[in-house]
Amino acid sequence: MTDHDVPLGEPVPDAGLDELRSRVSAFVRDQVFPREAQLDAGGPDATELRRRLREEACGAGLWALPLPAELGGGGVSLSAYASIAEAEGASDHGPAALGSASLLDVTMLSRHGSSRVRAEYLRRLVSGDLRSCYAMTEPDAPGTEPLLTATRAERRAGGGWTITGRKWFVSNAGEADLVTVLARTSGTVGDRDGLSLLLVPTDSPGFRVVRELPILGATGQYEIEFDHVHVDDDHLVGEPGQALVIAGERLQLGRTLRALRWLGQAQRAFDLLCRRAVERQGARGALGDRQLVQQHVFEALLALRGTRPLVYEAMALVAEGRDAHVEVGLAKTAAARTLQDVADRAVQVFGAAGLGPDTPLPALFRTGRAARILDGPDEQHVSSVARRVLRGIQRGPAVTPV
């Protein structure tokens with residue numbers, strides 16, 4: 001830990017953790033689920049609703065649980081937060097409603113931000129007064145190939161940086177107050193060295209939201225532009241050329257958090273599937289009496305039970321600061337596939353009702369399908385994990401076939 005680090009919490013006793021998780025689950029079920037349509041719609045009404053949810057979460061003692069207590073958070077350790085993250089993630093809006101959505105940015109800026117950045121932004125990010133986003137992918141430079149980044153940051157004669165470029169598929173950029181942008185500060189496209197991260201206030205002259213990019217009809221993703229945007233020297237995150245190291249830290253935690261949230265949504269889809277199987281009566285009895293419906297229940301449960309240990313193993317390693325590339329790749333891929341699979345099975349059991357607006361299943365299926373591309377497509381994780389495993393075999397002692 002460097003002198004720039006902020007501690008990320010203390011252990012919570014198991015009994016207290018179970019009770020805390022139950023309270024979070026009840027909050028998401030009772031306060032967030034019924035308001036999802038309003039939050040999905042975006043705009044001023046959604047902003048006001050998030051403000052009210054923040055007040056309710058604060059009143060219930062559930063706000064920003066994994067954020068540092070020194071900054072106004074709950075001080076729950078990452079390892080203890082895993083089961084809470086799953087409960088929060090049962091709704092896409094759970095992390096924002098409960099104040100944990102800023103965890104990645106607070107962690108990154110506490111470790112690598114300047115003293116001014118930490119003083120001006122960290123506490124306000126934790127409180128929810130500021131919202132942030134992270135811009136990496138470009139129209140011609142996918143997030144899986146950051147060396148192709150064309151966005152540039154040039155040093156200004158009088159100090160600071162001038163940023164020019166365009167990013168897209170930036171989550172929540174439309175309402176963000178701050179954006180961390182990956183830009184090339186030296187070298188040319190394709191060079192491994194020379195990539196840096198800079199923190200940009202979105203009210204800076206030259207910053208523009210170009211358009212919203214609906215994903216399968218859902219809002220929340222944006223294309224943004226930097227037209228000679230000026231930022232101060234102390235808004236560089238880390239040292240020049242250090243972006244890939246910092247991004248790697250962020251990705252391991254970010255992918256694991258999303259895997260936990262997708263697991264929570266898959267559990268939600270499974271609960272809906274089972275309830276439908278029990279309650280839906282046909283001419284020949286309940287749907288659950290039919291073997292093909294029972295197979296959907298079994299396969300969905302098998303996917304959930306097989307995925308959960310992978311995700312929790314990844315979170316345990318990340319929380320300890322250990323290398324977890326293989327475990328995170330397995331967890332992210334398994335959780336995305338499980339969410340898509342379980343949501344699809346639930347839609348099948350619901351029939352036409354599962355395609356309509358009266359259940360969350362279309363949104364859960366859409367999230368599962370998008371999850372297999374966002375944060376690295378399945379193919380990237382398959383190749384990356386396999387290469388690491390095979391390199392380990394090559395470096396190890398010869399194995400005698402049995």
# chains A, B, ... in the order shown; residues from 1 in each chain; ligands from 1

call {"tool": "closest_atom_pairs", "arguments": {"of": "stretch 318-383 of chain A", "to": "stretch 294-303 of chain A", "cutoff": "12 Å", "atoms": "only C-alpha atoms", "output": "Markdown table"}}
result
| residue | atom | partner | partner_atom | distance |
| --- | --- | --- | --- | --- |
| A:Ala334 | CA | A:Ala303 | CA | 8.5 |
| A:Ala335 | CA | A:Ala303 | CA | 8.9 |
| A:Ala336 | CA | A:Ala303 | CA | 10.9 |
| A:Arg337 | CA | A:Ala303 | CA | 8.8 |
| A:Thr338 | CA | A:Ala303 | CA | 5.8 |
| A:Leu339 | CA | A:Ala303 | CA | 9.0 |
| A:Gln340 | CA | A:Ala300 | CA | 10.3 |
| A:Asp341 | CA | A:Ala300 | CA | 7.2 |
| A:Val342 | CA | A:Ala300 | CA | 5.2 |
| A:Ala343 | CA | A:Ala300 | CA | 8.8 |
| A:Asp344 | CA | A:Ala300 | CA | 9.6 |
| A:Arg345 | CA | A:His296 | CA | 6.0 |
| A:Ala346 | CA | A:His296 | CA | 7.9 |
| A:Val347 | CA | A:His296 | CA | 10.5 |
| A:Gln348 | CA | A:His296 | CA | 8.7 |
| A:Val349 | CA | A:His296 | CA | 8.0 |
| A:Phe350 | CA | A:His296 | CA | 11.6 |

call {"tool": "select_by_dssp", "arguments": {"residues": "stretch 129-312 of chain A", "states": "alpha helix (DSSP H)", "output": "PyMOL selection string"}}
result
chain A and resi 243-279+291-312

call {"tool": "residues_around", "arguments": {"residues": "A:Ala243", "least_positions_apart": "6", "cutoff": "6 Å", "atoms": "only C-alpha atoms", "output": "ChimeraX atom specification"}}
result
/A:195-197

call {"tool": "closest_atom_pairs", "arguments": {"of": "stretch 240-301 of chain A", "to": "stretch 147-161 of chain A", "cutoff": "12 Å", "atoms": "only C-alpha atoms", "output": "CSV"}}
result
residue,atom,partner,partner_atom,distance
A:Pro240,CA,A:Ala153,CA,10.4
A:Gly241,CA,A:Ala153,CA,11.4
A:Ala243,CA,A:Leu147,CA,10.7
A:Leu244,CA,A:Leu147,CA,9.3

call {"tool": "write_last_selection", "arguments": {"atoms": "all heavy atoms", "output": "PDB file, in the first residue's frame"}}
result
ATOM      1  N   PRO A 240       2.718   9.451 -16.394  1.00  0.00           N
ATOM      2  CA  PRO A 240       2.568   9.298 -17.852  1.00  0.00           C
ATOM      3  C   PRO A 240       3.024   7.910 -18.296  1.00  0.00           C
ATOM      4  O   PRO A 240       4.045   7.394 -17.836  1.00  0.00           O
ATOM      5  CB  PRO A 240       3.485  10.392 -18.414  1.00  0.00           C
ATOM      6  CG  PRO A 240       3.589  11.408 -17.329  1.00  0.00           C
ATOM      7  CD  PRO A 240       3.540  10.635 -16.041  1.00  0.00           C
ATOM      8  N   GLY A 241       2.252   7.306 -19.189  1.00  0.00           N
ATOM      9  CA  GLY A 241       2.587   5.988 -19.706  1.00  0.00           C
ATOM     10  C   GLY A 241       2.183   4.828 -18.823  1.00  0.00           C
ATOM     11  O   GLY A 241       2.450   3.666 -19.144  1.00  0.00           O
ATOM     12  N   ALA A 243      -0.930   3.906 -17.961  1.00  0.00           N
ATOM     13  CA  ALA A 243      -2.360   3.592 -18.089  1.00  0.00           C
ATOM     14  C   ALA A 243      -2.660   2.096 -18.071  1.00  0.00           C
ATOM     15  O   ALA A 243      -3.619   1.658 -17.434  1.00  0.00           O
ATOM     16  CB  ALA A 243      -2.925   4.210 -19.367  1.00  0.00           C
ATOM     17  N   LEU A 244      -1.859   1.311 -18.766  1.00  0.00           N
ATOM     18  CA  LEU A 244      -2.189  -0.107 -18.872  1.00  0.00           C
ATOM     19  C   LEU A 244      -2.078  -0.817 -17.529  1.00  0.00           C
ATOM     20  O   LEU A 244      -2.844  -1.746 -17.241  1.00  0.00           O
ATOM     21  CB  LEU A 244      -1.303  -0.786 -19.919  1.00  0.00           C
ATOM     22  CG  LEU A 244      -1.497  -0.296 -21.361  1.00  0.00           C
ATOM     23  CD1 LEU A 244      -0.632  -1.122 -22.311  1.00  0.00           C
ATOM     24  CD2 LEU A 244      -2.963  -0.367 -21.780  1.00  0.00           C
TER      25      LEU A 244
END

call {"tool": "closest_residue", "arguments": {"among": "A:Gly288, A:Gly190, A:Gly74, A:Pro201", "to": "A:Arg131", "atoms": "only C-alpha atoms"}}
result
A:Pro201

call {"tool": "atom_distance", "arguments": {"atom1": "atom CA of A:Asp105", "atom2": "atom CA of A:Arg369"}}
result
25.5 Å

call {"tool": "atom_distance", "arguments": {"atom1": "atom CA of A:Thr333", "atom2": "atom CA of A:Thr307"}}
result
9.4 Å

call {"tool": "residues_around", "arguments": {"residues": "A:Phe207", "least_positions_apart": "3", "cutoff": "10 Å", "atoms": "only C-alpha atoms", "output": "mmCIF file with N, CA, C and O atoms, in the first residue's frame"}}
result
data_model
loop_
_atom_site.group_PDB
_atom_site.id
_atom_site.type_symbol
_atom_site.label_atom_id
_atom_site.label_comp_id
_atom_site.auth_asym_id
_atom_site.auth_seq_id
_atom_site.Cartn_x
_atom_site.Cartn_y
_atom_site.Cartn_z
ATOM 1 N N ILE A 163 -6.577 17.511 -24.726
ATOM 2 C CA ILE A 163 -7.057 16.188 -25.147
ATOM 3 C C ILE A 163 -7.934 16.335 -26.382
ATOM 4 O O ILE A 163 -8.852 17.175 -26.420
ATOM 5 N N THR A 164 -7.681 15.485 -27.379
ATOM 6 C CA THR A 164 -8.476 15.483 -28.604
ATOM 7 C C THR A 164 -8.765 14.035 -28.980
ATOM 8 O O THR A 164 -7.849 13.202 -29.040
ATOM 9 N N GLY A 165 -10.037 13.742 -29.216
ATOM 10 C CA GLY A 165 -10.397 12.391 -29.631
ATOM 11 C C GLY A 165 -11.856 12.093 -29.360
ATOM 12 O O GLY A 165 -12.628 12.954 -28.932
ATOM 13 N N ARG A 166 -12.225 10.852 -29.625
ATOM 14 C CA ARG A 166 -13.618 10.438 -29.477
ATOM 15 C C ARG A 166 -13.660 9.052 -28.848
ATOM 16 O O ARG A 166 -12.832 8.182 -29.176
ATOM 17 N N VAL A 200 -11.143 14.150 -16.403
ATOM 18 C CA VAL A 200 -11.673 15.338 -17.065
ATOM 19 C C VAL A 200 -13.038 15.705 -16.473
ATOM 20 O O VAL A 200 -13.970 14.897 -16.533
ATOM 21 N N PRO A 201 -13.191 16.899 -15.911
ATOM 22 C CA PRO A 201 -14.531 17.377 -15.550
ATOM 23 C C PRO A 201 -15.361 17.559 -16.828
ATOM 24 O O PRO A 201 -14.879 18.130 -17.814
ATOM 25 N N THR A 202 -16.583 17.071 -16.830
ATOM 26 C CA THR A 202 -17.380 17.110 -18.061
ATOM 27 C C THR A 202 -17.932 18.490 -18.374
ATOM 28 O O THR A 202 -18.524 18.674 -19.452
ATOM 29 N N ASP A 203 -17.742 19.462 -17.473
ATOM 30 C CA ASP A 203 -18.133 20.828 -17.817
ATOM 31 C C ASP A 203 -16.976 21.597 -18.453
ATOM 32 O O ASP A 203 -17.057 22.812 -18.666
ATOM 33 N N SER A 204 -15.886 20.888 -18.794
ATOM 34 C CA SER A 204 -14.747 21.528 -19.444
ATOM 35 C C SER A 204 -15.113 21.947 -20.866
ATOM 36 O O SER A 204 -15.767 21.179 -21.596
ATOM 37 N N VAL A 210 -21.854 13.232 -27.779
ATOM 38 C CA VAL A 210 -22.238 13.213 -29.190
ATOM 39 C C VAL A 210 -23.617 12.608 -29.373
ATOM 40 O O VAL A 210 -24.484 13.169 -30.043
ATOM 41 N N ILE A 224 -18.820 10.093 -26.844
ATOM 42 C CA ILE A 224 -18.402 11.405 -26.351
ATOM 43 C C ILE A 224 -17.211 11.903 -27.163
ATOM 44 O O ILE A 224 -16.505 11.115 -27.800
ATOM 45 N N GLU A 225 -17.005 13.220 -27.134
ATOM 46 C CA GLU A 225 -15.931 13.834 -27.911
ATOM 47 C C GLU A 225 -15.130 14.793 -27.037
ATOM 48 O O GLU A 225 -15.683 15.507 -26.193
ATOM 49 N N PHE A 226 -13.815 14.806 -27.272
ATOM 50 C CA PHE A 226 -12.907 15.760 -26.631
ATOM 51 C C PHE A 226 -12.316 16.629 -27.737
ATOM 52 O O PHE A 226 -11.524 16.143 -28.556
ATOM 53 N N ASP A 227 -12.720 17.870 -27.779
ATOM 54 C CA ASP A 227 -12.255 18.787 -28.815
ATOM 55 C C ASP A 227 -11.320 19.818 -28.185
ATOM 56 O O ASP A 227 -11.731 20.884 -27.740
ATOM 57 N N HIS A 228 -10.030 19.448 -28.107
ATOM 58 C CA HIS A 228 -9.015 20.307 -27.485
ATOM 59 C C HIS A 228 -9.433 20.690 -26.055
ATOM 60 O O HIS A 228 -9.461 21.857 -25.679
ATOM 61 N N VAL A 229 -9.749 19.676 -25.276
ATOM 62 C CA VAL A 229 -10.132 19.868 -23.874
ATOM 63 C C VAL A 229 -8.872 20.043 -23.036
ATOM 64 O O VAL A 229 -7.948 19.232 -23.103
ATOM 65 N N HIS A 230 -8.829 21.084 -22.231
ATOM 66 C CA HIS A 230 -7.668 21.367 -21.387
ATOM 67 C C HIS A 230 -7.899 20.823 -19.974
ATOM 68 O O HIS A 230 -8.963 21.041 -19.392
#

call {"tool": "closest_residue", "arguments": {"among": "A:Glu88, A:Glu223, A:Asp191, A:Asp232", "to": "A:Gln267", "atoms": "only C-alpha atoms"}}
result
A:Glu88

call {"tool": "closest_residue", "arguments": {"among": "A:Ala183, A:Leu263, A:Leu49, A:Ala277", "to": "A:Val311", "atoms": "only C-alpha atoms"}}
result
A:Leu263

call {"tool": "select_by_dssp", "arguments": {"residues": "stretch 239-328 of chain A", "states": "strand (DSSP E)", "output": "PyMOL selection string"}}
result
chain A and resi 281-282+285-286

call {"tool": "write_last_selection", "arguments": {"atoms": "all heavy atoms", "output": "mmCIF file, in the first residue's frame"}}
result
data_model
loop_
_atom_site.group_PDB
_atom_site.id
_atom_site.type_symbol
_atom_site.label_atom_id
_atom_site.label_comp_id
_atom_site.auth_asym_id
_atom_site.auth_seq_id
_atom_site.Cartn_x
_atom_site.Cartn_y
_atom_site.Cartn_z
ATOM 1 N N GLN A 281 -51.038 -22.552 -13.724
ATOM 2 C CA GLN A 281 -51.846 -23.752 -13.855
ATOM 3 C C GLN A 281 -52.407 -23.868 -15.276
ATOM 4 O O GLN A 281 -52.908 -22.900 -15.835
ATOM 5 C CB GLN A 281 -53.014 -23.727 -12.865
ATOM 6 C CG GLN A 281 -52.595 -23.722 -11.402
ATOM 7 C CD GLN A 281 -52.008 -25.045 -10.962
ATOM 8 O OE1 GLN A 281 -52.460 -26.114 -11.405
ATOM 9 N NE2 GLN A 281 -51.009 -24.997 -10.091
ATOM 10 N N GLY A 282 -52.264 -25.041 -15.843
ATOM 11 C CA GLY A 282 -52.859 -25.331 -17.141
ATOM 12 C C GLY A 282 -53.945 -26.379 -16.999
ATOM 13 O O GLY A 282 -54.325 -26.761 -15.878
ATOM 14 N N GLY A 285 -52.625 -29.322 -14.977
ATOM 15 C CA GLY A 285 -51.919 -29.072 -13.734
ATOM 16 C C GLY A 285 -50.863 -27.986 -13.873
ATOM 17 O O GLY A 285 -50.809 -27.255 -14.876
ATOM 18 N N ALA A 286 -49.993 -27.879 -12.873
ATOM 19 C CA ALA A 286 -48.980 -26.840 -12.852
ATOM 20 C C ALA A 286 -47.901 -27.104 -13.902
ATOM 21 O O ALA A 286 -47.590 -28.255 -14.221
ATOM 22 C CB ALA A 286 -48.338 -26.763 -11.466
#

call {"tool": "closest_residue", "arguments": {"among": "A:Leu251, A:Val28, A:Leu292, A:Val318", "to": "A:Ala97", "atoms": "only C-alpha atoms"}}
result
A:Val28

call {"tool": "residues_around", "arguments": {"residues": "A:Asp375", "least_positions_apart": "2", "cutoff": "7 Å", "atoms": "only C-alpha atoms", "output": "PyMOL selection string"}}
result
chain A and resi 255+373+377

call {"tool": "write_last_selection", "arguments": {"atoms": "N, CA, C and O atoms", "output": "short mmCIF file (atom, residue, chain, number, x, y, z; two decimals), in the first residue's frame"}}
result
data_model
loop_
_atom_site.label_atom_id
_atom_site.label_comp_id
_atom_site.auth_asym_id
_atom_site.auth_seq_id
_atom_site.Cartn_x
_atom_site.Cartn_y
_atom_site.Cartn_z
N ARG A 255 -14.41 -6.35 -13.51
CA ARG A 255 -15.02 -7.55 -14.09
C ARG A 255 -15.58 -8.47 -13.01
O ARG A 255 -16.64 -9.08 -13.19
N ILE A 373 -20.26 -9.56 -24.47
CA ILE A 373 -19.42 -8.72 -25.33
C ILE A 373 -18.72 -7.63 -24.52
O ILE A 373 -17.52 -7.40 -24.65
N PRO A 377 -15.11 -9.64 -24.82
CA PRO A 377 -15.98 -10.72 -25.31
C PRO A 377 -15.52 -12.07 -24.82
O PRO A 377 -14.36 -12.25 -24.41
#

call {"tool": "atom_distance", "arguments": {"atom1": "atom CA of A:Gly329", "atom2": "atom CA of A:Gly368"}}
result
16.0 Å

call {"tool": "residues_around", "arguments": {"residues": "A:Ser115", "least_positions_apart": "5", "cutoff": "10 Å", "atoms": "only C-alpha atoms", "output": "number ranges by chain"}}
result
A: 4, 109-110, 120, 234-235

call {"tool": "residues_around", "arguments": {"residues": "stretch 134-141 of chain A", "least_positions_apart": "3", "cutoff": "8 Å", "atoms": "only C-alpha atoms", "output": "mmCIF file with N, CA and C atoms, in the first residue's frame"}}
result
data_model
loop_
_atom_site.group_PDB
_atom_site.id
_atom_site.type_symbol
_atom_site.label_atom_id
_atom_site.label_comp_id
_atom_site.auth_asym_id
_atom_site.auth_seq_id
_atom_site.Cartn_x
_atom_site.Cartn_y
_atom_site.Cartn_z
ATOM 1 N N GLU A 145 -8.140 -3.871 -27.573
ATOM 2 C CA GLU A 145 -6.875 -3.507 -28.210
ATOM 3 C C GLU A 145 -6.520 -2.050 -27.891
ATOM 4 N N PRO A 146 -6.196 -1.766 -26.645
ATOM 5 C CA PRO A 146 -5.941 -0.381 -26.242
ATOM 6 C C PRO A 146 -4.757 0.252 -26.960
ATOM 7 N N LEU A 148 -4.305 0.535 -29.929
ATOM 8 C CA LEU A 148 -4.800 1.246 -31.111
ATOM 9 C C LEU A 148 -5.426 2.591 -30.758
ATOM 10 N N THR A 149 -5.402 2.962 -29.479
ATOM 11 C CA THR A 149 -6.015 4.223 -29.045
ATOM 12 C C THR A 149 -5.487 5.393 -29.871
ATOM 13 N N ALA A 150 -6.443 6.165 -30.427
ATOM 14 C CA ALA A 150 -6.083 7.322 -31.244
ATOM 15 C C ALA A 150 -6.271 8.640 -30.502
ATOM 16 N N ARG A 166 -12.225 10.852 -29.625
ATOM 17 C CA ARG A 166 -13.618 10.438 -29.477
ATOM 18 C C ARG A 166 -13.660 9.052 -28.848
ATOM 19 N N LYS A 167 -14.592 8.841 -27.934
ATOM 20 C CA LYS A 167 -14.806 7.544 -27.288
ATOM 21 C C LYS A 167 -16.266 7.154 -27.447
ATOM 22 N N TRP A 168 -16.527 5.846 -27.377
ATOM 23 C CA TRP A 168 -17.932 5.442 -27.387
ATOM 24 C C TRP A 168 -18.157 4.234 -26.490
ATOM 25 N N PHE A 169 -19.447 3.890 -26.325
ATOM 26 C CA PHE A 169 -19.880 2.884 -25.349
ATOM 27 C C PHE A 169 -19.300 3.214 -23.966
ATOM 28 N N VAL A 170 -19.529 4.465 -23.571
ATOM 29 C CA VAL A 170 -19.113 4.949 -22.252
ATOM 30 C C VAL A 170 -20.353 4.951 -21.360
ATOM 31 N N SER A 171 -20.361 4.090 -20.368
ATOM 32 C CA SER A 171 -21.538 3.941 -19.509
ATOM 33 C C SER A 171 -21.775 5.214 -18.696
ATOM 34 N N VAL A 179 -14.985 12.230 -16.124
ATOM 35 C CA VAL A 179 -14.702 11.086 -16.986
ATOM 36 C C VAL A 179 -13.199 10.825 -16.968
ATOM 37 N N THR A 180 -12.822 9.577 -16.724
ATOM 38 C CA THR A 180 -11.431 9.169 -16.845
ATOM 39 C C THR A 180 -11.224 8.672 -18.263
ATOM 40 N N VAL A 181 -10.292 9.280 -18.989
ATOM 41 C CA VAL A 181 -10.124 8.975 -20.410
ATOM 42 C C VAL A 181 -8.742 8.380 -20.662
ATOM 43 N N LEU A 182 -8.713 7.320 -21.467
ATOM 44 C CA LEU A 182 -7.463 6.725 -21.923
ATOM 45 C C LEU A 182 -6.998 7.493 -23.158
#
